[in-house]
Every structure is written in structure tokens, then in C-alpha cells.
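S.K.: So that you have it, the file is structure.cif, and it contains mmCIF, C-alpha atoms (C1' of nucleotides):
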data_data
#
loop_
_atom_site.label_atom_id
_atom_site.label_comp_id
_atom_site.auth_asym_id
_atom_site.auth_seq_id
_atom_site.Cartn_x
_atom_site.Cartn_y
_atom_site.Cartn_z
CA MET A 34 -62.71 9.05 -25.50
CA PRO A 35 -62.02 8.31 -29.14
CA PRO A 36 -58.97 10.00 -30.62
CA VAL A 37 -60.88 10.98 -33.69
CA ARG A 38 -62.49 14.21 -34.63
CA ARG A 39 -66.09 14.79 -33.87
CA SER A 40 -69.16 15.69 -35.82
CA ALA A 41 -69.76 18.39 -38.35
CA ARG A 42 -72.86 19.50 -36.52
CA VAL A 43 -71.10 20.06 -33.25
CA ASN A 44 -68.39 21.78 -35.20
CA GLU A 45 -70.66 24.61 -36.17
CA PHE A 46 -70.97 25.97 -32.69
CA ALA A 47 -67.35 25.22 -32.02
CA LYS A 48 -66.43 27.50 -34.88
CA LYS A 49 -68.22 30.36 -33.24
CA ALA A 50 -66.18 29.72 -30.16
CA THR A 51 -62.93 29.89 -32.05
CA ARG A 52 -63.50 33.48 -33.03
CA SER A 53 -63.40 34.50 -29.43
CA CYS A 54 -60.60 32.10 -28.62
CA LYS A 55 -57.60 34.34 -28.24
CA SER A 56 -55.14 31.52 -27.79
CA GLY A 57 -55.17 30.52 -31.42
CA GLU A 58 -51.46 30.80 -32.11
CA SER A 59 -50.16 30.62 -28.60
CA HIS A 60 -47.89 27.64 -28.88
CA THR A 61 -44.49 27.98 -30.41
CA THR A 62 -42.93 25.48 -32.73
CA THR A 63 -39.31 25.08 -31.89
CA ALA A 64 -36.35 22.86 -32.57
CA LEU A 65 -38.01 21.07 -35.43
CA SER A 66 -35.51 21.90 -38.10
CA ASN A 67 -33.97 18.46 -38.01
CA ASP A 68 -37.09 16.45 -38.64
CA ALA A 69 -39.86 18.80 -39.65
CA LYS A 70 -39.38 17.92 -43.29
CA ILE A 71 -39.30 14.17 -42.90
CA TYR A 72 -43.03 13.82 -43.22
CA GLY A 73 -45.28 15.88 -45.35
CA TYR A 74 -47.82 13.07 -45.50
CA TRP A 75 -50.23 11.88 -42.86
CA LEU A 76 -53.21 9.69 -42.24
CA MET A 77 -56.07 10.82 -40.03
CA LYS A 78 -58.97 8.74 -38.82
CA ALA A 79 -62.58 9.77 -38.47
CA GLU A 80 -65.74 7.83 -37.82
CA PRO A 81 -68.16 8.12 -40.76
CA GLU A 82 -71.06 6.39 -39.05
CA SER A 83 -73.27 7.89 -36.38
CA ARG A 84 -72.20 7.41 -32.81
CA ILE A 85 -73.73 9.38 -29.98
CA VAL A 86 -71.45 10.75 -27.27
CA LYS A 87 -72.98 12.92 -24.56
CA GLY A 88 -76.07 13.27 -26.68
CA LYS A 89 -74.19 14.46 -29.74
CA ASP A 90 -73.35 12.63 -32.93
CA VAL A 91 -69.60 12.38 -33.44
CA LYS A 92 -69.74 11.09 -37.00
CA PHE A 93 -67.50 12.75 -39.54
CA SER A 94 -66.94 11.41 -43.05
CA ILE A 95 -65.11 12.62 -46.13
CA ASP A 96 -68.50 13.86 -47.36
CA ASP A 97 -69.03 15.77 -44.14
CA LEU A 98 -65.69 17.49 -44.66
CA TYR A 99 -66.65 18.41 -48.21
CA GLU A 100 -69.87 19.95 -46.99
CA MET A 101 -68.25 22.18 -44.41
CA LYS A 102 -67.85 25.87 -45.17
CA ASP A 103 -64.88 26.13 -47.55
CA SER A 104 -64.76 22.33 -47.27
CA THR A 105 -62.56 23.00 -44.26
CA SER A 106 -62.78 21.76 -40.69
CA CYS A 107 -60.80 21.73 -37.52
CA TRP A 108 -59.69 18.24 -36.52
CA ASP A 109 -60.80 18.21 -32.94
CA GLY A 110 -61.31 15.40 -30.50
CA VAL A 111 -57.88 13.83 -30.65
CA ARG A 112 -57.15 12.68 -27.09
CA ASN A 113 -53.99 10.67 -27.51
CA TYR A 114 -50.55 12.11 -26.84
CA GLU A 115 -48.71 10.71 -29.78
CA ALA A 116 -51.40 11.79 -32.22
CA ARG A 117 -51.53 15.20 -30.57
CA ASN A 118 -47.78 15.63 -30.79
CA ILE A 119 -47.89 14.97 -34.50
CA MET A 120 -50.53 17.62 -35.00
CA ARG A 121 -48.90 20.08 -32.63
CA ASP A 122 -45.30 19.69 -33.71
CA LYS A 123 -45.16 18.21 -37.17
CA MET A 124 -48.10 19.02 -39.38
CA LYS A 125 -47.51 22.00 -41.63
CA ILE A 126 -49.65 23.97 -44.03
CA GLY A 127 -49.70 22.20 -47.37
CA ASP A 128 -49.09 18.73 -45.96
CA LYS A 129 -51.16 15.97 -47.51
CA VAL A 130 -53.61 13.91 -45.49
CA LEU A 131 -55.21 10.55 -46.19
CA PHE A 132 -58.74 10.61 -44.80
CA TYR A 133 -59.45 7.27 -43.15
CA HIS A 134 -62.85 5.93 -42.18
CA SER A 135 -62.68 3.88 -39.00
CA ASN A 136 -65.06 2.00 -36.74
CA CYS A 137 -67.51 1.45 -39.56
CA LYS A 138 -68.85 -1.10 -42.01
CA THR A 139 -65.97 -0.76 -44.46
CA PRO A 140 -62.91 0.73 -42.79
CA GLY A 141 -60.52 2.24 -45.29
CA ILE A 142 -59.11 5.32 -46.98
CA ALA A 143 -61.85 7.49 -48.41
CA GLY A 144 -59.98 10.42 -49.93
CA THR A 145 -57.46 13.17 -49.31
CA ALA A 146 -57.22 16.52 -47.59
CA THR A 147 -54.58 19.16 -46.99
CA VAL A 148 -53.47 20.98 -43.88
CA VAL A 149 -54.62 24.60 -44.04
CA ARG A 150 -53.99 25.73 -40.47
CA GLU A 151 -51.26 24.61 -38.12
CA ALA A 152 -51.73 23.62 -34.52
CA TYR A 153 -53.86 25.60 -32.11
CA PRO A 154 -55.63 24.61 -28.91
CA ASP A 155 -58.53 22.18 -29.20
CA TYR A 156 -61.08 24.37 -27.46
CA THR A 157 -63.66 21.58 -27.46
CA ALA A 158 -61.78 20.22 -24.46
CA PHE A 159 -62.81 23.32 -22.48
CA ASP A 160 -66.56 22.89 -22.92
CA PRO A 161 -68.23 20.66 -20.31
CA GLU A 162 -71.14 20.06 -22.67
CA HIS A 163 -68.94 18.87 -25.47
CA PRO A 164 -68.44 15.17 -26.25
CA TYR A 165 -64.68 15.65 -26.03
CA TYR A 166 -64.55 17.75 -22.89
CA ASP A 167 -61.43 17.20 -20.81
CA PRO A 168 -61.40 18.98 -17.45
CA LYS A 169 -57.63 18.62 -17.33
CA SER A 170 -57.20 20.91 -20.32
CA LYS A 171 -57.47 24.59 -19.47
CA ALA A 172 -57.62 27.54 -21.83
CA ASP A 173 -54.49 29.05 -20.31
CA VAL A 174 -52.60 25.74 -20.41
CA PRO A 175 -54.16 23.72 -23.21
CA LYS A 176 -53.49 20.02 -23.20
CA TRP A 177 -54.94 19.15 -26.61
CA PHE A 178 -54.29 20.65 -30.01
CA MET A 179 -55.73 20.42 -33.48
CA VAL A 180 -55.11 21.52 -37.03
CA ASP A 181 -57.52 22.53 -39.79
CA VAL A 182 -57.79 20.46 -42.93
CA LYS A 183 -59.44 21.15 -46.27
CA PHE A 184 -61.06 18.58 -48.53
CA GLU A 185 -58.96 17.73 -51.54
CA SER A 186 -60.41 14.61 -53.16
CA LYS A 187 -62.78 11.75 -52.63
CA PHE A 188 -61.69 8.42 -54.01
CA SER A 189 -64.05 6.93 -56.54
CA ASN A 190 -64.03 3.85 -54.35
CA ILE A 191 -62.93 3.66 -50.77
CA ILE A 192 -59.77 1.59 -50.41
CA PRO A 193 -60.66 -0.95 -47.74
CA LEU A 194 -58.23 -1.76 -45.00
CA SER A 195 -58.54 -5.38 -46.06
CA ALA A 196 -57.18 -4.43 -49.49
CA LEU A 197 -54.43 -2.22 -48.12
CA LYS A 198 -53.19 -5.16 -46.08
CA GLY A 199 -52.63 -7.15 -49.25
CA TYR A 200 -50.06 -4.87 -50.86
CA GLN A 201 -46.40 -5.58 -50.31
CA GLU A 202 -45.77 -1.86 -50.96
CA LEU A 203 -47.80 -0.98 -47.87
CA LYS A 204 -46.68 -3.68 -45.49
CA ASP A 205 -44.80 -1.23 -43.27
CA MET A 206 -47.58 1.33 -43.03
CA VAL A 207 -48.19 2.57 -39.52
CA LEU A 208 -51.87 1.91 -40.19
CA ILE A 209 -51.16 -1.78 -40.50
CA LYS A 210 -48.47 -2.10 -37.86
CA ARG A 211 -50.11 0.09 -35.22
CA GLY A 212 -53.82 -0.05 -35.70
CA ARG A 213 -54.83 2.32 -32.95
CA LEU A 214 -52.88 5.50 -33.69
CA SER A 215 -55.40 7.99 -35.06
CA VAL A 216 -53.01 10.56 -36.54
CA GLN A 217 -50.01 8.97 -38.11
CA PRO A 218 -47.16 9.53 -40.56
CA VAL A 219 -47.26 8.14 -44.08
CA LYS A 220 -44.24 7.71 -46.32
CA ALA A 221 -44.22 9.61 -49.61
CA GLY A 222 -44.06 6.33 -51.52
CA GLU A 223 -47.00 4.94 -49.60
CA TYR A 224 -49.01 8.06 -50.25
CA ASP A 225 -48.31 7.98 -53.98
CA PHE A 226 -49.16 4.30 -54.18
CA ILE A 227 -52.46 4.85 -52.36
CA LEU A 228 -53.37 7.81 -54.55
CA LYS A 229 -53.01 5.61 -57.61
CA LEU A 230 -55.21 2.97 -56.03
CA GLY A 231 -57.79 5.59 -55.12
CA ASN A 232 -57.96 7.06 -58.58
CA LYS A 233 -58.27 3.79 -60.43
"C1'" DG B 219 -40.91 4.75 -11.94
"C1'" DC B 220 -43.04 0.11 -12.03
"C1'" DC B 221 -46.84 -2.26 -13.45
"C1'" DA B 222 -51.65 -4.12 -12.51
"C1'" DA B 223 -55.98 -2.61 -13.32
"C1'" DC B 224 -58.74 -0.24 -16.13
"C1'" DG B 225 -60.72 1.95 -20.23
"C1'" DT B 226 -60.80 2.63 -25.18
"C1'" DT B 227 -60.08 1.56 -30.03
"C1'" DG B 228 -61.56 -0.42 -33.87
"C1'" DG B 229 -61.56 -4.66 -36.82
"C1'" DC B 230 -64.30 -8.35 -37.31
"C1'" DG C 291 -71.70 -6.87 -29.99
"C1'" DC C 292 -67.31 -9.25 -28.98
"C1'" DC C 293 -62.92 -8.84 -27.50
"C1'" DA C 294 -57.68 -8.46 -28.50
"C1'" DA C 295 -54.55 -4.99 -28.50
"C1'" DC C 296 -52.84 -1.36 -26.37
"C1'" DG C 297 -52.77 3.35 -24.15
"C1'" DT C 298 -53.58 5.56 -19.59
"C1'" DT C 299 -54.06 5.84 -14.67
"C1'" DG C 300 -52.84 5.62 -10.13
"C1'" DG C 301 -51.29 2.93 -5.99
"C1'" DC C 302 -47.27 1.78 -4.07
#
Using the file provided, produce a representation of the structure as C-alpha cells.

M.R.:
Amino acid sequence: MPPVRRSARVNEFAKKATRSCKSGESHTTTALSNDAKIYGYWLMKAEPESRIVKGKDVKFSIDDLYEMKDSTSCWDGVRNYEARNIMRDKMKIGDKVLFYHSNCKTPGIAGTATVVREAYPDYTAFDPEHPYYDPKSKADVPKWFMVDVKFESKFSNIIPLSALKGYQELKDMVLIKRGRLSVQPVKAGEYDFILKLGNK
DNA sequence: GCCAACGTTGGC
DNA sequence: GCCAACGTTGGC
């Protein structure tokens, strides 16, 4: 299962589900005072090109985010522990997110978003019909979590991964050193540098 | 708790 | 569509 969020279309019925999902704030954030402030910047990957999983299209691009109601979406479908832990334990309202397009013709950073809701259970894991169903995650003991993000900006031109790799300033980016992590920390300096590239 | 086998990610 | 890198699973 890809550790990226799934489609906007599937998201519509998922949203209905969330209203009846009582477990929204059930997890507690604890013992984070030492490192919670280290990162306020993240990078999250989504697949902007169509890919069918269990009969449903899991594509989700920066444009798809923009087109959501309030330009806001849950970031479901992450099925990797490290990425989950970041969402569950670290991401806070107001944090900045680089929106990355992966597994596509031109992989790269497409724009920015902000965190508008902190971690709550990824209920898509509970639905056997859903592309990201996980029978090991139960509503009373959720295994997977997600946050909500809101569109902030679309770069005039996507910054391709190939270009990012060329900058000395970005040589230590998690994106470059650890290609497969789908939710990852970004340093403030990296974020600022990328914003300037994106707005050129 | 090691680690081989397996499955997925994601650039190319 | 290939396949290297790497995360997860499960036998022992």
C-alpha cells in the first residue's frame, strides 16, 4: 500500500464518515515539549497521476487539494510507521507543508499547504471497500492517523526533484537522502530556500 | 530478536 | 515497465 494520501473523489464519502466518527480527538499528545518545536516544516507526498487501487483512483495533486471544499483535505492513506508518527506526534496546526508530487512524469514540489487539524484516526483503514483498508486497524484501537491540510500556494512552476538535487543548500534534505519516506521533516532554511525557488 | 523472504516505493 | 532501495513480515 502506498504511504500517500488517496484521491479527492474517494475523500468525499470519507468526509461523510468522519462526521459520525466519534474518535476524532481520542489520542493524546504527551511528552513532546522537548522536541515539538524543532520542526514546523514538513514535506508530504501525493500521487498526482491516476492510479487505480481496488477500483478507485488514488490520484491527488496540488490542484485537487485546491478544489476541495475550503481547499482542505484529510491526508489519509499513510501506511508507514515513521510517517504516521510524524503526523500523530509532531504536526501542529499552523505548520507549513511542502506538497510533493511523486510517482509521476515530473516528480517535484508543486506548492505549499498548512496544517489545519492535528492528528486523528485515519478511518479509511476501517472500510473494507476502501483502497487503504487495513484490517489490523480497528476503530477502538486505531493504527493509522492523519492530519488535515489546507492549500496555501501553487508554485508557478513545479520544482523538479532533479533540480532540487542540484542545490548545495538542499543536499541534506530528507527527500534526497531517504527517498521513500512519504511524510518527512524539512529544515526552516530548506523551506525558505524552496519557497524562493517556487516563487521565481 | 534475528534476518531471509517478500512486498512496495518511486525515480528513471 | 524495470528494478534498486528499503520497509515489513513471520519463521525460527

S.K.: For a test of reading the model, state the distance in Å between CA of Tyr224 in chain A and CA of Phe178 in chain A, rounded to one decimal.

M.R.: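 These two atoms are separated by 24.4 Å.
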
S.K.: I would like the residues chosen by the PyMOL selection byres ((chain C) within 12 of (chain A)) on the shown file; could you give them as an MDAnalysis selection string?

M.R.: chainID C and resid 294:298

S.K.: Might I get the box with edges along x, y and z of the file that holds all atoms of chain C listed there, padded by 6 Å on every side, given as centre and edge lengths in Å to one decimal, as lines of an AutoDock Vina configuration file?

M.R.:
center_x = -59.5
center_y = -1.7
center_z = -17.0
size_x = 36.4
size_y = 27.1
size_z = 37.9

S.K.: Measure the distance from CA of Ser186 in chain A to CA of Val91 in chain A in Å and round it to one decimal.

M.R.: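 Atom-to-atom, CA of Ser186 in chain A and CA of Val91 in chain A are spaced 21.9 Å apart.
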
S.K.: Skipping near chain neighbours, those fewer than 5 positions away, what residues fall within 6 Å of range 161-174 of chain A using all atoms listed in the file, listed as JSON, numbers by chain?

M.R.: {"A": [86, 87, 110]}

S.K.: Which residues, written as number ranges by chain, have at least one atom at most 12 Å from DC293 in chain C, with only C-alpha atoms (C1' of nucleotides) counted and residues fewer than 5 positions away on the same chain left out?

M.R.: B: 226-230

S.K.: Could those selected residues go to a file with C-alpha atoms (C1' of nucleotides), as an mmCIF file, in the frame of the given file?

M.R.:
data_model
loop_
_atom_site.group_PDB
_atom_site.id
_atom_site.type_symbol
_atom_site.label_atom_id
_atom_site.label_comp_id
_atom_site.auth_asym_id
_atom_site.auth_seq_id
_atom_site.Cartn_x
_atom_site.Cartn_y
_atom_site.Cartn_z
ATOM 1 C "C1'" DT B 226 -60.800 2.630 -25.180
ATOM 2 C "C1'" DT B 227 -60.080 1.560 -30.030
ATOM 3 C "C1'" DG B 228 -61.560 -0.420 -33.870
ATOM 4 C "C1'" DG B 229 -61.560 -4.660 -36.820
ATOM 5 C "C1'" DC B 230 -64.300 -8.350 -37.310
#

S.K.: Can you measure CA of Pro175 in chain A to CA of Thr157 in chain A for me? One decimal in Å is fine.

M.R.: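 Straight-line distance from CA of Pro175 in chain A to CA of Thr157 in chain A works out to 10.6 Å.
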
S.K.: Can you pull out the residues contacting Val148 in chain A? Cut-off 12 Å, using all atoms listed in the file, and skip same-chain residues under 3 positions away; I want them as JSON, numbers by chain.

M.R.: {"A": [73, 74, 75, 76, 77, 104, 105, 106, 107, 108, 120, 123, 124, 125, 126, 127, 128, 129, 130, 131, 132, 145, 151, 152, 179, 180, 181, 182, 183, 184, 185]}

S.K.: Write out as an NGL selection string the residues lying within 10 Å of Asp97 in chain A, counting all atoms listed in the file and excluding same-chain residues fewer than 2 positions away.

M.R.: :A and (40-42 or 81 or 92-95 or 99-101 or 104-106 or 184)

S.K.: Out of A:Glu115, A:Glu202, A:Glu223, A:Asp96, which residue has the shortest atom-to-atom distance to His134 in chain A when counting all atoms listed in the file?

M.R.: A:Asp96

S.K.: I need the residue set behind the PyMOL selection byres ((chain A and resi 208) around 10) for this file; please write it as a list in words.

M.R.: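 That selection, the PyMOL selection byres ((chain A and resi 208) around 10), comes back as Leu76, Met77, Lys78, Tyr133, Leu194, Leu197, Lys198, Leu203, Lys204, Asp205, Met206, Val207, Ile209, Lys210, Arg211, Gly212, Arg213, Leu214, Ser215, Val216, Gln217, Pro218 and Val219 of chain A.
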